[in-house]
Each structure stands twice: as structure tokens, then as C-alpha cells.
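Engineer: Below is the file entry39.cif, with mmCIF, C-alpha atoms.
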```
data_upload
#
loop_
_atom_site.label_atom_id
_atom_site.label_comp_id
_atom_site.auth_asym_id
_atom_site.auth_seq_id
_atom_site.Cartn_x
_atom_site.Cartn_y
_atom_site.Cartn_z
CA MET C 31 0.00 0.00 0.00
CA GLN C 32 1.47 3.37 -1.00
CA VAL C 33 1.52 6.16 1.55
CA LEU C 34 2.00 9.85 0.78
CA LEU C 35 4.71 11.65 2.78
CA VAL C 36 4.47 15.45 2.95
CA ASN C 37 7.31 17.39 4.56
CA GLN C 38 7.35 20.75 6.31
CA ASN C 39 8.08 22.89 3.25
CA GLU C 40 5.43 21.14 1.15
CA VAL C 41 2.80 21.60 3.86
CA ALA C 42 3.40 25.35 3.80
CA ARG C 43 3.15 25.43 0.01
CA LEU C 44 0.02 23.27 -0.21
CA LEU C 45 -1.80 24.92 2.70
CA PRO C 46 -1.81 28.70 2.12
CA MET C 47 -3.40 30.62 4.98
CA SER C 48 -6.38 31.85 2.96
CA GLU C 49 -7.35 28.31 1.98
CA CYS C 50 -6.77 27.02 5.49
CA ILE C 51 -9.11 29.64 6.95
CA ASP C 52 -11.94 28.34 4.76
CA ALA C 53 -11.10 24.72 5.63
CA MET C 54 -11.14 25.53 9.37
CA ALA C 55 -14.51 27.26 9.12
CA GLY C 56 -15.95 24.14 7.52
CA ALA C 57 -14.44 21.84 10.15
CA LEU C 58 -15.76 23.94 13.04
CA GLU C 59 -19.23 23.97 11.51
CA THR C 60 -19.10 20.18 11.14
CA LEU C 61 -18.15 19.85 14.81
CA SER C 62 -21.01 22.05 16.03
CA ARG C 63 -23.47 20.17 13.83
CA GLY C 64 -22.52 16.97 15.64
CA GLY C 65 -20.67 15.51 12.66
CA ALA C 66 -17.46 14.56 14.43
CA ILE C 67 -16.10 12.00 16.85
CA LEU C 68 -13.51 13.81 18.93
CA PRO C 69 -12.10 12.20 22.10
CA LEU C 70 -10.23 14.46 24.48
CA ARG C 71 -6.51 14.44 23.77
CA THR C 72 -4.29 12.04 25.67
CA VAL C 73 -1.26 13.78 27.17
CA MET C 74 1.64 11.81 28.63
CA ARG C 75 3.92 13.89 30.85
CA LEU C 76 7.57 12.86 30.73
CA PRO C 77 9.53 12.23 33.95
CA ASP C 78 11.30 15.59 33.70
CA GLY C 79 7.96 17.32 34.34
CA LYS C 80 8.61 19.85 31.59
CA ASN C 81 7.92 17.96 28.39
CA ALA C 82 5.01 15.93 27.08
CA PHE C 83 3.73 13.69 24.30
CA ALA C 84 0.15 14.01 23.07
CA VAL C 85 -2.14 11.92 20.88
CA MET C 86 -5.21 13.51 19.23
CA PRO C 87 -7.53 11.20 17.22
CA ALA C 88 -10.69 12.24 15.37
CA PHE C 89 -13.27 11.38 12.73
CA MET C 90 -15.33 13.80 10.65
CA GLU C 91 -18.30 13.35 8.36
CA SER C 92 -17.50 16.46 6.28
CA PRO C 93 -14.87 16.25 4.99
CA HIS C 94 -15.11 12.49 5.38
CA VAL C 95 -11.84 11.76 7.12
CA MET C 96 -10.27 10.05 10.11
CA GLY C 97 -6.82 10.12 11.58
CA VAL C 98 -4.60 11.24 14.41
CA LYS C 99 -2.00 13.80 15.31
CA SER C 100 0.87 12.59 17.48
CA VAL C 101 3.02 15.41 18.76
CA SER C 102 5.77 16.10 21.28
CA ILE C 103 5.64 19.32 23.30
CA PHE C 104 9.07 20.56 24.39
CA PRO C 105 8.73 24.21 25.53
CA GLY C 106 12.50 24.43 26.02
CA ASN C 107 12.90 24.43 22.24
CA HIS C 108 11.82 28.08 22.10
CA GLY C 109 14.75 30.08 20.79
CA THR C 110 16.43 27.05 19.20
CA ALA C 111 16.38 25.60 15.71
CA LEU C 112 13.58 23.22 16.71
CA ASP C 113 9.88 23.90 17.08
CA SER C 114 8.34 23.35 20.51
CA HIS C 115 5.69 21.14 18.84
CA GLN C 116 6.96 18.34 16.59
CA GLY C 117 5.24 15.28 15.24
CA ALA C 118 3.11 13.85 12.48
CA VAL C 119 -0.47 13.89 11.25
CA LEU C 120 -1.65 10.50 9.96
CA LEU C 121 -4.55 10.37 7.54
CA PHE C 122 -6.51 7.10 7.15
CA ASP C 123 -8.94 5.83 4.54
CA THR C 124 -12.44 5.70 6.07
CA GLY C 125 -13.47 2.90 3.70
CA ASN C 126 -10.79 0.28 4.32
CA GLY C 127 -8.73 1.70 7.21
CA SER C 128 -5.45 1.94 5.31
CA VAL C 129 -2.93 4.73 5.94
CA LEU C 130 -3.19 7.39 3.24
CA ALA C 131 -0.64 9.97 4.33
CA VAL C 132 1.92 11.05 6.91
CA MET C 133 2.49 14.80 7.18
CA ASP C 134 4.63 17.17 9.21
CA ALA C 135 2.63 18.28 12.25
CA SER C 136 4.66 21.36 13.17
CA SER C 137 3.75 23.25 10.02
CA ILE C 138 0.13 22.08 10.03
CA THR C 139 -0.26 23.17 13.67
CA ALA C 140 1.31 26.56 13.01
CA ILE C 141 -0.96 27.32 10.07
CA ARG C 142 -4.25 25.84 11.24
CA THR C 143 -4.07 27.42 14.73
CA ALA C 144 -3.77 30.89 13.27
CA ALA C 145 -6.42 30.09 10.66
CA VAL C 146 -8.88 29.13 13.40
CA SER C 147 -8.14 32.42 15.17
CA ALA C 148 -8.84 34.18 11.87
CA VAL C 149 -12.21 32.42 11.64
CA ALA C 150 -13.04 33.59 15.17
CA THR C 151 -11.77 37.11 14.47
CA ARG C 152 -13.87 37.37 11.34
CA ALA C 153 -16.93 36.22 13.30
CA LEU C 154 -16.44 38.18 16.54
CA SER C 155 -14.26 41.26 16.09
CA ARG C 156 -15.43 44.65 14.89
CA SER C 157 -15.30 44.81 11.11
CA ASP C 158 -13.22 48.01 11.22
CA ALA C 159 -10.61 46.63 13.64
CA SER C 160 -7.29 48.13 12.56
CA GLU C 161 -5.01 48.00 15.65
CA LEU C 162 -3.43 44.60 16.37
CA ALA C 163 -1.42 43.55 19.42
CA ILE C 164 0.55 40.31 19.48
CA LEU C 165 1.95 38.99 22.74
CA GLY C 166 4.71 36.52 21.87
CA SER C 167 7.26 36.39 19.08
CA ALA C 168 7.62 32.75 18.05
CA VAL C 169 5.96 30.62 15.36
CA GLN C 170 2.36 31.39 16.33
CA ALA C 171 3.07 35.12 16.40
CA ARG C 172 4.26 34.90 12.80
CA THR C 173 1.28 32.92 11.52
CA HIS C 174 -1.22 34.97 13.53
CA LEU C 175 0.07 38.18 11.97
CA GLU C 176 -0.43 36.68 8.52
CA ALA C 177 -3.91 35.44 9.40
CA MET C 178 -5.13 38.68 11.00
CA LEU C 179 -4.01 40.70 7.98
CA LEU C 180 -6.24 38.52 5.79
CA VAL C 181 -9.47 39.06 7.73
CA ARG C 182 -9.30 42.63 9.06
CA PRO C 183 -7.98 45.99 7.73
CA ILE C 184 -4.96 46.07 10.05
CA GLU C 185 -2.98 49.33 9.86
CA ARG C 186 -0.76 49.07 12.94
CA VAL C 187 0.78 46.15 14.83
CA ARG C 188 2.45 46.23 18.24
CA VAL C 189 4.47 43.27 19.51
CA TRP C 190 5.66 42.38 23.00
CA SER C 191 7.65 39.39 24.18
CA ARG C 192 9.47 38.53 27.37
CA HIS C 193 12.43 37.93 25.08
CA ALA C 194 13.20 41.38 23.68
CA ASP C 195 15.76 40.15 21.15
CA SER C 196 13.23 37.68 19.77
CA ALA C 197 10.61 40.41 19.48
CA ARG C 198 13.00 42.67 17.56
CA SER C 199 13.94 39.84 15.20
CA PHE C 200 10.28 39.02 14.63
CA VAL C 201 9.43 42.63 13.82
CA GLU C 202 12.36 43.00 11.42
CA ALA C 203 11.31 39.87 9.53
CA ALA C 204 7.65 40.89 9.51
CA ARG C 205 8.44 44.32 8.08
CA SER C 206 10.10 42.65 5.10
CA ARG C 207 7.04 40.49 4.43
CA HIS C 208 4.07 42.73 5.20
CA ALA C 209 3.19 46.29 4.16
CA VAL C 210 1.98 47.34 7.60
CA ALA C 211 3.37 49.51 10.41
CA ILE C 212 4.79 47.19 13.06
CA GLU C 213 6.76 47.98 16.20
CA THR C 214 7.97 46.43 19.44
CA CYS C 215 6.79 47.51 22.88
CA ASP C 216 8.59 47.38 26.20
CA SER C 217 5.57 46.01 28.06
CA ALA C 218 2.50 43.92 27.37
CA SER C 219 0.27 46.69 28.70
CA ALA C 220 1.73 49.17 26.19
CA ALA C 221 1.26 46.69 23.35
CA VAL C 222 -2.45 46.15 24.05
CA ASP C 223 -3.29 49.77 24.86
CA GLY C 224 -6.00 50.75 22.39
CA ALA C 225 -5.74 47.48 20.46
CA HIS C 226 -8.84 46.29 18.63
CA ILE C 227 -7.52 42.71 18.30
CA ILE C 228 -5.19 41.02 20.80
CA CYS C 229 -3.50 37.67 20.11
CA THR C 230 -1.77 35.92 23.00
CA THR C 231 0.65 33.41 21.49
CA THR C 232 3.10 32.76 24.33
CA ALA C 233 4.34 29.66 26.14
CA SER C 234 3.75 31.33 29.51
CA ARG C 235 2.19 29.38 32.35
CA GLU C 236 1.19 32.62 34.13
CA PRO C 237 -0.98 35.50 32.84
CA VAL C 238 0.59 37.91 30.39
CA LEU C 239 -2.66 39.81 29.72
CA ALA C 240 -4.59 41.65 32.45
CA GLY C 241 -8.24 42.52 32.02
CA GLU C 242 -7.68 46.12 33.13
CA TRP C 243 -5.51 46.72 30.04
CA VAL C 244 -8.17 45.66 27.54
CA GLY C 245 -10.16 48.48 26.00
CA PRO C 246 -13.87 48.53 25.06
CA GLY C 247 -14.70 46.68 21.86
CA ALA C 248 -11.53 44.59 21.77
CA HIS C 249 -11.42 41.00 20.57
CA ILE C 250 -8.94 38.55 22.11
CA ASN C 251 -7.60 35.33 20.61
CA ALA C 252 -6.02 33.29 23.42
CA VAL C 253 -4.05 30.42 21.89
CA GLY C 254 -0.84 29.81 23.82
CA ALA C 255 -2.04 27.86 26.87
CA SER C 256 -3.49 24.37 26.40
CA ALA C 257 -3.14 22.76 29.84
CA VAL C 258 -5.26 22.96 32.98
CA SER C 259 -2.39 24.50 34.96
CA SER C 260 -1.42 27.17 32.41
CA ARG C 261 -3.06 30.43 31.40
CA GLU C 262 -2.20 33.59 29.50
CA LEU C 263 -5.13 35.72 30.73
CA ASP C 264 -5.84 36.78 34.30
CA SER C 265 -9.25 36.07 35.80
CA ASN C 266 -10.46 39.63 35.24
CA ALA C 267 -9.74 39.41 31.52
CA VAL C 268 -11.83 36.26 31.21
CA ALA C 269 -14.63 37.42 33.50
CA ARG C 270 -15.22 40.72 31.73
CA ALA C 271 -15.24 39.19 28.25
CA ARG C 272 -17.93 37.35 26.32
CA LEU C 273 -16.32 33.92 25.99
CA PHE C 274 -16.42 31.70 22.91
CA VAL C 275 -14.49 28.45 22.50
CA ASP C 276 -13.50 25.99 19.80
CA ARG C 277 -15.25 23.21 21.72
CA ARG C 278 -17.12 23.21 25.03
CA GLU C 279 -15.99 19.77 26.21
CA SER C 280 -12.35 20.62 25.60
CA ALA C 281 -12.58 23.97 27.41
CA LEU C 282 -14.33 22.38 30.39
CA ASN C 283 -11.60 19.75 30.72
CA GLU C 284 -8.38 21.24 29.37
CA SER C 285 -8.31 25.05 29.52
CA GLY C 286 -6.48 26.71 32.38
CA ASP C 287 -7.62 30.08 31.02
CA PHE C 288 -11.18 28.95 31.83
CA LEU C 289 -10.72 26.46 34.70
CA ILE C 290 -8.54 28.63 36.95
CA PRO C 291 -10.97 31.59 37.13
CA ARG C 292 -13.84 29.12 37.50
CA GLY C 293 -12.03 27.57 40.46
CA GLU C 294 -11.65 31.03 41.98
CA GLY C 295 -15.39 31.63 41.63
CA SER C 296 -14.99 34.45 39.07
CA ILE C 297 -17.07 32.61 36.46
CA ASP C 298 -19.09 29.42 36.05
CA ASP C 299 -19.78 27.06 33.15
CA THR C 300 -22.45 29.38 31.73
CA HIS C 301 -19.71 31.92 30.97
CA ILE C 302 -19.01 29.90 27.80
CA LEU C 303 -21.56 31.42 25.46
CA ALA C 304 -21.01 29.24 22.40
CA GLU C 305 -18.62 27.30 20.26
CA ILE C 306 -17.33 29.33 17.35
CA GLY C 307 -18.96 26.78 15.02
CA GLU C 308 -22.35 27.70 16.51
CA VAL C 309 -21.72 31.34 15.64
CA LEU C 310 -20.82 30.34 12.08
CA LEU C 311 -24.03 28.32 11.82
CA GLY C 312 -26.12 31.27 13.04
CA ARG C 313 -27.12 29.57 16.29
CA HIS C 314 -25.54 32.36 18.34
CA PRO C 315 -25.22 36.02 17.30
CA GLY C 316 -21.62 36.41 18.48
CA ARG C 317 -20.74 40.07 19.09
CA GLU C 318 -23.84 42.02 20.10
CA SER C 319 -22.46 45.52 20.63
CA ARG C 320 -19.55 47.63 19.45
CA ASP C 321 -18.08 48.13 22.93
CA GLU C 322 -18.25 44.61 24.37
CA VAL C 323 -15.04 42.59 24.76
CA THR C 324 -15.06 39.21 23.03
CA LEU C 325 -12.69 36.36 23.80
CA PHE C 326 -11.99 33.27 21.73
CA LYS C 327 -10.24 30.54 23.68
CA SER C 328 -8.51 28.13 21.32
CA LEU C 329 -7.19 24.79 22.53
CA GLY C 330 -6.51 23.23 19.15
CA LEU C 331 -8.56 20.27 17.98
CA ALA C 332 -7.71 17.14 16.03
CA ILE C 333 -10.49 17.89 13.54
CA GLU C 334 -8.54 21.02 12.57
CA ASP C 335 -5.41 18.97 11.88
CA LEU C 336 -7.38 16.43 9.87
CA ALA C 337 -9.24 19.05 7.83
CA ALA C 338 -5.89 20.65 6.99
CA ALA C 339 -4.34 17.26 6.15
CA HIS C 340 -7.32 16.35 3.97
CA HIS C 341 -6.91 19.60 2.05
CA ILE C 342 -3.17 18.99 1.61
CA TYR C 343 -3.69 15.37 0.58
CA HIS C 344 -6.02 16.12 -2.30
CA LYS C 345 -3.86 18.96 -3.59
CA ALA C 346 -0.76 16.77 -3.38
CA MET C 347 -2.43 13.85 -5.17
CA SER C 348 -3.61 16.08 -8.02
CA SER C 349 -0.29 17.92 -8.39
CA GLY C 350 2.15 15.09 -7.77
CA ALA C 351 3.63 16.73 -4.69
CA GLY C 352 5.05 14.71 -1.81
CA VAL C 353 6.75 11.34 -1.85
CA ARG C 354 4.99 7.97 -2.21
CA VAL C 355 6.40 5.04 -0.24
CA GLU C 356 5.34 1.44 0.32
CA LEU C 357 4.32 0.95 3.94
CA GLY C 358 2.37 -2.30 3.95
CA GLY C 359 -1.05 -3.12 5.32
CA GLY C 360 -1.89 -5.82 2.78
CA ARG C 361 -2.53 -9.46 3.71
CA ASP C 362 0.41 -11.78 3.21
#
```
Written as C-alpha cells, that's how I'd like the structure from this file.
Structural biologist:
Amino acid sequence: MQVLLVNQNEVARLLPMSECIDAMAGALETLSRGGAILPLRTVMRLPDGKNAFAVMPAFMESPHVMGVKSVSIFPGNHGTALDSHQGAVLLFDTGNGSVLAVMDASSITAIRTAAVSAVATRALSRSDASELAILGSAVQARTHLEAMLLVRPIERVRVWSRHADSARSFVEAARSRHAVAIETCDSASAAVDGAHIICTTTASREPVLAGEWVGPGAHINAVGASAVSSRELDSNAVARARLFVDRRESALNESGDFLIPRGEGSIDDTHILAEIGEVLLGRHPGRESRDEVTLFKSLGLAIEDLAAAHHIYHKAMSSGAGVRVELGGGRD
């Protein structure tokens, strides 16, 4: 049985951000319609207490696909030549169960996470949002800048990172790629002052965004924290915002940004207003006034990885991209 292998560079070429945004919108709608089987991710903590290995399986009716993402999470890789998230997305045939493809997970994760934030931003932020703040300066900062520029008329970008050298390098590279005013800030509060859209893309375990800094009408994409013990937003930021999630069950079980303020009594389960897929389907209105603060909490879902992989697979098969190898699976 031949299996398609797609490497990191080919993923980026076959999954442009604009196409991924549309694919993510479709996947999130499928989820909120009830057309997916999506177990909670299994996370195995390594003995060092710092690193982890995660397995994320899923099935979707539209697109009709099943598979799994297996990924290592090594936060210490920040600032090195290696991504903090490395692994593979495996795509399987839903008719006979054979392996169709193995793809680089780092690049898929980087693109689809920002694409999902773009879907949420398009659905929840003010249509005239032009001031963007990015907290963080690594891979997700780069892809989120690209994604936000596609869905809103961004005129000014401010960037803050705990690593000032990294922030300066990020801004220099971004200026060469994007025709937008972009600058670094010495503090997170300065970066978000007056921002219409705020993206938190850090690896921090403690809050980097305080609710008192967030102005009326802002929209927040919180994407960096994906464990029950980690959060990027303080309790005030979550409590004062209208909260939307990628998936209720995941937020209720995996999101420190939600679970920590709930444990403090600042919010309860009803604070989750809707999944973003429900907004896309018209089941919830989303933003209801110009001055309210909206928050999208993204945890990252296996259906997003599979929808991206499905898109890549069909483009690769029609264009001849990737490498075909014999893996097996047939009866001897």
C-alpha cells in the first residue's frame, strides 16, 4: 500500500493561509453540527515534568476523514532551531482503514491554529478593527500576523515578548514580508493599549494579559495555553469578556484560562456562550455591541489537523507533490 509523505516545506506550500481559513470554518461547523467523533486528547507527561507527548484522534463526516496527530511538546525548544511542537499527522482511509498519508505536524499546527483564530476574528471582532497587538514572538506570532491581515484591515501592529531580542527579530522579519506599520513595545500593557484585536501566542504558564488593560470593543484570541495548569489571561480578563471556544468539552476539561478563574469563583460554566462553530451556523449572534469585549479561547482540535491534512492530501495527489512510499497493510 502506497503512503503519501508530505514534509514541512510542502505543507506550507500546499496549505496557504487563505485556503486554510476556509477549511477551518468548515471543520468547526461540522463539529457544532454533531458531525465529528472527537475524544479528548491524551497527554503523557515525561519524567522531567517539563515535556510531554500528546495523541489527538478524530473522525469527521465532512470532509469524510479520520486520523490522528501525534506530537511532542518541548517548551524548552523556544529560541532554538527546533519547534516546541513536533510530530506527524496521519490520515486514514475511512473505507478500508489503510494509511493514506503522513504529514509534518509542526507546520500544520502553526498554520491551522492561526487560521482558526482568523475564523473567530472574522466572526467576533469589529469589522473596522485596525489595531493589532501580538503577545509573543515565536511561530504562532508569525502565523497569527499573517492570518489577522487577511481578515481585518490592520494598519498598525504592536508586539511584545518577554524575550526582547526575539521580538525585535520578529518585527524585522515581519516588516520585510508585510506592508503594515509594526513595532515592538517594552511592556505587554503598552502593546495592548488601544488594540482592537489582541492575540496571546506565548508559552507562559502565568498570565501575560490583564483585564484592566483591555479596551472597550476589543477582541482577544487566546491560543498559547493548552493545559489545565497554564493560562495567558488573568481572571479579570476572562470574567469581563464574552467567551467563545473551539469546543465546550475541551474547554471544560483542558483550559487553564477557563478552569482557573472558575475555580476562583470568578465565572461558572455558563460563561461559555457558544462554540465558534455555533456562531458560524447562526445559532448564536456572536458580538452584540460595538463596545463589548469578546474572547476566543482556542485549545486546538484534532479535527482542525485532519481538515488541513485532507486539504493537503487532495492537492498533493492532483499535483504530484510529496513522496509515495510502500508501507504495507496488505494481507500476506
Engineer: For the PyMOL selection byres ((chain C and resi 159) around 9), applied here, can you spell out every residue it catches as a PyMOL selection string?
Structural biologist: chain C and resi 155-158+160-162+182-185+225-227+248-249
Engineer: Provide the atom CA of C:Ala135 to atom CA of C:Gln116 distance in Å, to one decimal place.
Structural biologist: 6.1 Å
Engineer: Distance cut-off 12 Å, centre (-16.5, 24.3, 6.0) in file coordinates, counting all atoms listed in the file: which residues qualify? Return them as a PyMOL selection string.
Structural biologist: chain C and resi 49-63+65+90-94+146+149+307+310-311+333-334+337-338+341
Engineer: Since I can't run it myself right now, could you work out what the PyMOL selection byres ((chain C and resi 172) around 10) selects here and report it as an mmCIF file with C-alpha atoms, in the coordinates of the input?
Structural biologist:
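Output below, filename result.cif:
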```
data_model
loop_
_atom_site.group_PDB
_atom_site.id
_atom_site.type_symbol
_atom_site.label_atom_id
_atom_site.label_comp_id
_atom_site.auth_asym_id
_atom_site.auth_seq_id
_atom_site.Cartn_x
_atom_site.Cartn_y
_atom_site.Cartn_z
ATOM 1 C CA ALA C 140 1.310 26.560 13.010
ATOM 2 C CA ILE C 141 -0.960 27.320 10.070
ATOM 3 C CA ALA C 144 -3.770 30.890 13.270
ATOM 4 C CA ILE C 164 0.550 40.310 19.480
ATOM 5 C CA GLY C 166 4.710 36.520 21.870
ATOM 6 C CA SER C 167 7.260 36.390 19.080
ATOM 7 C CA ALA C 168 7.620 32.750 18.050
ATOM 8 C CA VAL C 169 5.960 30.620 15.360
ATOM 9 C CA GLN C 170 2.360 31.390 16.330
ATOM 10 C CA ALA C 171 3.070 35.120 16.400
ATOM 11 C CA THR C 173 1.280 32.920 11.520
ATOM 12 C CA HIS C 174 -1.220 34.970 13.530
ATOM 13 C CA LEU C 175 0.070 38.180 11.970
ATOM 14 C CA GLU C 176 -0.430 36.680 8.520
ATOM 15 C CA ALA C 177 -3.910 35.440 9.400
ATOM 16 C CA PHE C 200 10.280 39.020 14.630
ATOM 17 C CA VAL C 201 9.430 42.630 13.820
ATOM 18 C CA ALA C 203 11.310 39.870 9.530
ATOM 19 C CA ALA C 204 7.650 40.890 9.510
ATOM 20 C CA THR C 231 0.650 33.410 21.490
#
```
Engineer: Measuring between all atoms listed in the file, which one of C:Pro246, C:Pro105, C:Pro69, C:Gly254 shows the shortest distance to C:Leu165?
Structural biologist: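 Comparing C:Pro246, C:Pro105, C:Pro69, C:Gly254 against C:Leu165, the winner is C:Gly254.
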Engineer: Would you kindly return, as a list in words, each protein, DNA or RNA residue with an atom no farther than 10 Å from any atom of C:Ala84, considering only C-alpha atoms and excluding same-chain residues fewer than 6 positions away?
Structural biologist: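 After dropping sequence-adjacent residues, the list is Arg71, Thr72, Val73, Met74, Arg75, Lys99, Ser100, Val101, Ser102, Ile103, His115 and Gly117 of chain C.
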Engineer: What is the distance between atom CA of C:Arg313 and atom CA of C:Phe326, in Å to one decimal?
Structural biologist: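 Going from atom CA of C:Arg313 over to atom CA of C:Phe326, I get 16.5 Å.
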Engineer: By how many Å are atom CA of C:Arg272 and atom CA of C:Leu325 apart?
Structural biologist: 5.9 Å
Engineer: For the structure provided, state which residues fall under the PyMOL selection byres ((chain C and resi 360) around 12), and present them as a PyMOL selection string.
Structural biologist: chain C and resi 31-32+126-129+356-359+361-362
Engineer: Could you name the residues that touch stretch 212-216 of chain C at 9 Å or less, counting only C-alpha atoms, but leaving out those on the same chain fewer than 6 positions away, as a PyMOL selection string?
Structural biologist: chain C and resi 185-192+194+197-198+201-202+204-205
Engineer: Find the residues near C:Leu120: any atom within 9 Å, counting only C-alpha atoms, skip ones fewer than 4 places away on the same chain, and give them as a PyMOL selection string.
Structural biologist: chain C and resi 96-100+129-133+336+339
Engineer: Which residue out of C:Arg235, C:Leu34, C:Lys345, C:Ala42 has the minimum interatomic distance to C:Lys80 when only C-alpha atoms are used?
Structural biologist: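 That would be C:Arg235, the residue with the smallest distance to C:Lys80.
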Engineer: From the set C:Leu70, C:Ser256, C:Met86, C:Leu121, which residue has the shortest atom-to-atom contact distance to C:Val33, counting all atoms listed in the file?
Structural biologist: C:Leu121
Engineer: Restricting the calculation to all atoms listed in the file, which member of C:His108, C:Asp113, C:Arg354, C:Ser296 is positioned closest to C:Thr232?
Structural biologist: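 Using all atoms listed in the file, the shortest distance to C:Thr232 belongs to C:His108.
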Engineer: I'd like to know which of C:Gly330, C:Gly293, C:Gly352, C:Gly247 is closest to C:Gln38, using only C-alpha atoms.
Structural biologist: C:Gly352
Engineer: Could you check which residues have any atom within 10 Å of (-17.9, 36.9, 23.1), counting only C-alpha atoms with coordinates taken straight from the file, and then list them as a list in words?
Structural biologist: Ala150, Ala153, Leu154, Ser155, His249, Ile250, Arg270, Ala271, Arg272, Leu273, Phe274, Val275, His301, Ile302, Leu303, Ala304, Ile306, Pro315, Gly316, Arg317, Glu318, Glu322, Val323, Thr324, Leu325, Phe326 and Lys327 of chain C
Engineer: Name the closest residue to C:Gly295 among the candidates C:Ser328, C:Ser259, C:Asn266, C:Ser319; distances are taken between atoms, counting all atoms listed in the file.
Structural biologist: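 Using all atoms listed in the file, C:Gly295 sits closest to C:Asn266.
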